[in-house]
Protein chains: 2
Amino acid sequence: MADTGLAEVHVKCSSCPIRHRAVCSRCEQDELDVLDRIKYYRDFTPGQTIVWAGDEMDFVASVVTGIATLSHTMEDGRRQMVGLLLPSDFLGRPGRETAPYDVVATSKITLCCFRKGPFEELLRSTPSINQRLLEMTLDELDAAREWMLILGRKTAREKIASLLAIIGRRDASLNMSTADGRLVFDLPLTREAMADYLGLTLETVSRQISALKRDGVIQIEGNRHVTVPDFQRLIEETGDDTDGGLIA
Amino acid sequence: MADTGLAEVHVKCSSCPIRHRAVCSRCEQDELDVLDRIKYYRDFTPGQTIVWAGDEMDFVASVVTGIATLSHTMEDGRRQMVGLLLPSDFLGRPGRETAPYDVVATSKITLCCFRKGPFEELLRSTPSINQRLLEMTLDELDAAREWMLILGRKTAREKIASLLAIIGRRDASLNMSTADGRLVFDLPLTREAMADYLGLTLETVSRQISALKRDGVIQIEGNRHVTVPDFQRLIEETGDDTDGGLIA
DNA sequence: GATCATCCTTGATCGAAATCAAACCGAGGA
DNA sequence: TCCTCGGTTTGATTTCGATCAAGGATGATC
């Protein structure tokens, strides 16, 4: 078992509450042993609902690869996305029985799951995981509050620019990007999902993206592939304080 | 010192990460001793800014009495409230140097503060506090996501009804309320603050409150004092799933 | 009790985004 | 090749809430 499992898990230690052997050299061996016994993997296909709001949820999980969304749906069909899960993000809440939102895969996705009971046991016995989880939750809270500003006070154009900046920034730290302020990435969301994220209609999303393209803020090939020639310019369009280096 | 401090702190143990002697019979004595040494109280007057966004913040705190708000402000003055601190709520983030939002007292308020260094030390040595803090942060995250739905997808009328329901519900568990579905409470916020909370203008807030009054959903005396004759009716106006018993 | 400053309400008008409607595009599949 | 279908774009029109603009209530201070 020693080092052969290295390729098995692709989660970075710095952003996962669970210390996977593959990437974390500081892991205590016994902790890993416990985790190995209770963890299992699940795959989902694009569009598949992972958990329905209100359903019992007997596991927590960490995203290994792929993207999922959390969203509220009102009875009349209005939908608001309230979270975006990228690789290394954590899903589920220790000490809660039922899921408060729908969780939907927007791409092929692999989750590393832990049964809730054993995981909570582990939480109790391993303060470091608790601490890690607290940090991650605080980060999520900050992100949520950032979104509240976007949802409550920004114009449609600013909303789109903000979303592009966030996705671009997040991708930049992990994926491709060229130096010199140029940035290239693929949108992980449909126009409709973007609309659900931003509290807009998909028509408005489309129009604003066209407008940003027309104004030279971005370039797009084939619906998803985005090039940002000048990231600073994009940041200016968000309405935020002009602080934004590529990687915050 | 033994029991004479009982009236000193009014925070309920069930919702405070710190176990105050006054209300918590399960406190371990030594933990209290440490806390007693590092805690201190600060009072603020209505309208006073407790922390400016970007300022260094060398303490964390728990609200003892009064109300404060967290808000983002954009350069052009647009403002979005992102949090409402009521008694027993926690303020500040362990492991962060500067405040990300303005914190403003909306009433006379008393904070129970802890210097950050010693508090973080305590966090490291006392897992139970970590755990408590995690729970509270997860609750806040849920609340933030609830707000995202309100901000992104609800109409002005639904927003107002939602805010009234939230304040009413929160008050109901602590303060006055009559059984039989009738509910009476005082708004802790000005129209402008409500607008900042809901992503509206104060004029729209005023108009929608008038409309709810005209339609008999609420009654109001003197700007602040609200009576909800039928809480269920108010819930229906929020657009949410019609689950809402008085106390969730 | 008059003055003043906040906070609140109401009216008229405007505008950004929603809604309604149609067409476009690329990828499979028959 | 043509057809279908999901995702997308674009246009015309409507609507809800913002904005602009007066006034009215309430409470503190002198």
# chains A, B, ... in the order shown; residues from 1 in each chain; ligands from 1

call {"tool": "interface_residues", "arguments": {"of": "chain D", "to": "chain B", "cutoff": "9 Å", "atoms": "only C-alpha atoms (C1' of nucleotides)", "output": "ChimeraX atom specification"}}
result
/D:16-18,25-26

call {"tool": "residues_around", "arguments": {"residues": "DA30 in chain C", "least_positions_apart": "4", "cutoff": "12 Å", "atoms": "only C-alpha atoms (C1' of nucleotides)", "output": "JSON, numbers by chain"}}
result
{"D": [1, 2, 3, 4]}

call {"tool": "interface_residues", "arguments": {"of": "chain C", "to": "chain A", "cutoff": "9 Å", "atoms": "only C-alpha atoms (C1' of nucleotides)", "output": "ChimeraX atom specification"}}
result
/C:16-18

call {"tool": "write_last_selection", "arguments": {"atoms": "N, CA, C and O atoms (P, O5', C5', C4', C3', O3' and C1' of nucleotides)", "output": "PDB file, in the first residue's frame"}}
result
ATOM      1  P    DA C  16     -30.639  51.960 -18.273  1.00  0.00           P
ATOM      2  O5'  DA C  16     -30.358  50.589 -17.519  1.00  0.00           O
ATOM      3  C5'  DA C  16     -30.532  50.531 -16.103  1.00  0.00           C
ATOM      4  C4'  DA C  16     -31.017  49.152 -15.734  1.00  0.00           C
ATOM      5  C3'  DA C  16     -30.318  48.005 -16.459  1.00  0.00           C
ATOM      6  O3'  DA C  16     -30.143  46.966 -15.515  1.00  0.00           O
ATOM      7  C1'  DA C  16     -32.631  47.967 -16.967  1.00  0.00           C
ATOM      8  P    DA C  17     -29.272  45.735 -15.823  1.00  0.00           P
ATOM      9  O5'  DA C  17     -30.347  44.566 -15.915  1.00  0.00           O
ATOM     10  C5'  DA C  17     -31.175  44.328 -14.793  1.00  0.00           C
ATOM     11  C4'  DA C  17     -32.409  43.560 -15.208  1.00  0.00           C
ATOM     12  C3'  DA C  17     -32.169  42.230 -15.906  1.00  0.00           C
ATOM     13  O3'  DA C  17     -32.926  41.264 -15.219  1.00  0.00           O
ATOM     14  C1'  DA C  17     -33.745  43.513 -17.098  1.00  0.00           C
ATOM     15  P    DA C  18     -33.194  39.782 -15.643  1.00  0.00           P
ATOM     16  O5'  DA C  18     -34.746  39.796 -15.990  1.00  0.00           O
ATOM     17  C5'  DA C  18     -35.653  40.219 -14.989  1.00  0.00           C
ATOM     18  C4'  DA C  18     -37.080  40.036 -15.474  1.00  0.00           C
ATOM     19  C3'  DA C  18     -37.397  38.637 -16.000  1.00  0.00           C
ATOM     20  O3'  DA C  18     -38.709  38.282 -15.583  1.00  0.00           O
ATOM     21  C1'  DA C  18     -37.679  40.247 -17.739  1.00  0.00           C
TER      22       DA C  18
END

call {"tool": "residues_around", "arguments": {"residues": "Lys213 in chain B", "least_positions_apart": "5", "cutoff": "12 Å", "atoms": "only C-alpha atoms (C1' of nucleotides)", "output": "list in words"}}
result
Arg157, Ile160, Ala161, Ser206, Arg207, Gln208, Ile218, Gln219, Ile220, Glu221, Asn223, Val226, Thr227, Val228, Pro229 and Leu234 of chain B

call {"tool": "closest_atom_pairs", "arguments": {"of": "chain A", "to": "chain B", "cutoff": "7 Å", "atoms": "only C-alpha atoms", "output": "CSV"}}
result
residue,atom,partner,partner_atom,distance
A:His72,CA,B:Leu149,CA,6.9
A:Met74,CA,B:Asp240,CA,6.5
A:Glu75,CA,B:Asp241,CA,6.9
A:Arg78,CA,B:Arg153,CA,6.7
A:Gln80,CA,B:Leu149,CA,5.5
A:Val82,CA,B:Arg145,CA,5.6
A:Pro127,CA,B:Pro127,CA,5.8
A:Asn130,CA,B:Gln131,CA,6.6
A:Gln131,CA,B:Asn130,CA,6.6
A:Leu134,CA,B:Leu134,CA,5.1
A:Thr137,CA,B:Leu138,CA,6.7
A:Leu138,CA,B:Thr137,CA,6.7
A:Leu141,CA,B:Leu141,CA,5.3
A:Ala144,CA,B:Ala144,CA,6.3
A:Arg145,CA,B:Val82,CA,5.6
A:Met148,CA,B:Met148,CA,5.9
A:Leu149,CA,B:Gln80,CA,5.5
A:Leu151,CA,B:Gly152,CA,5.4
A:Gly152,CA,B:Gly199,CA,4.2
A:Arg153,CA,B:Gly199,CA,5.9
A:Leu198,CA,B:Gly152,CA,6.9
A:Gly199,CA,B:Gly152,CA,4.2
A:Asp240,CA,B:Met74,CA,6.6
A:Asp241,CA,B:Glu75,CA,7.0

call {"tool": "select_by_dssp", "arguments": {"residues": "range 37-120 of chain B", "states": "helix (DSSP H, G or I)", "output": "PyMOL selection string"}}
result
chain B and resi 37-38+116-120

call {"tool": "residues_around", "arguments": {"residues": "DT13 in chain C", "least_positions_apart": "4", "cutoff": "12 Å", "atoms": "only C-alpha atoms (C1' of nucleotides)", "output": "JSON, numbers by chain"}}
result
{"D": [18, 19, 20, 21]}

call {"tool": "closest_residue", "arguments": {"among": "A:Val64, A:Glu56, A:Ala99, A:Leu111", "to": "Arg42 in chain A", "atoms": "only C-alpha atoms"}}
result
A:Leu111

call {"tool": "atom_distance", "arguments": {"atom1": "CA of Phe231 in chain A", "atom2": "CA of Arg214 in chain A"}}
result
16.2 Å

call {"tool": "residues_around", "arguments": {"residues": "Asp89 in chain A", "least_positions_apart": "2", "cutoff": "6 Å", "atoms": "only C-alpha atoms (C1' of nucleotides)", "output": "list in words"}}
result
Ser62, Val63, Leu85, Leu86 and Pro87 of chain A

call {"tool": "atom_distance", "arguments": {"atom1": "CA of Phe185 in chain A", "atom2": "C1' of DT10 in chain D"}}
result
25.5 Å

call {"tool": "atom_distance", "arguments": {"atom1": "CA of Met57 in chain B", "atom2": "CA of Arg115 in chain B"}}
result
9.5 Å
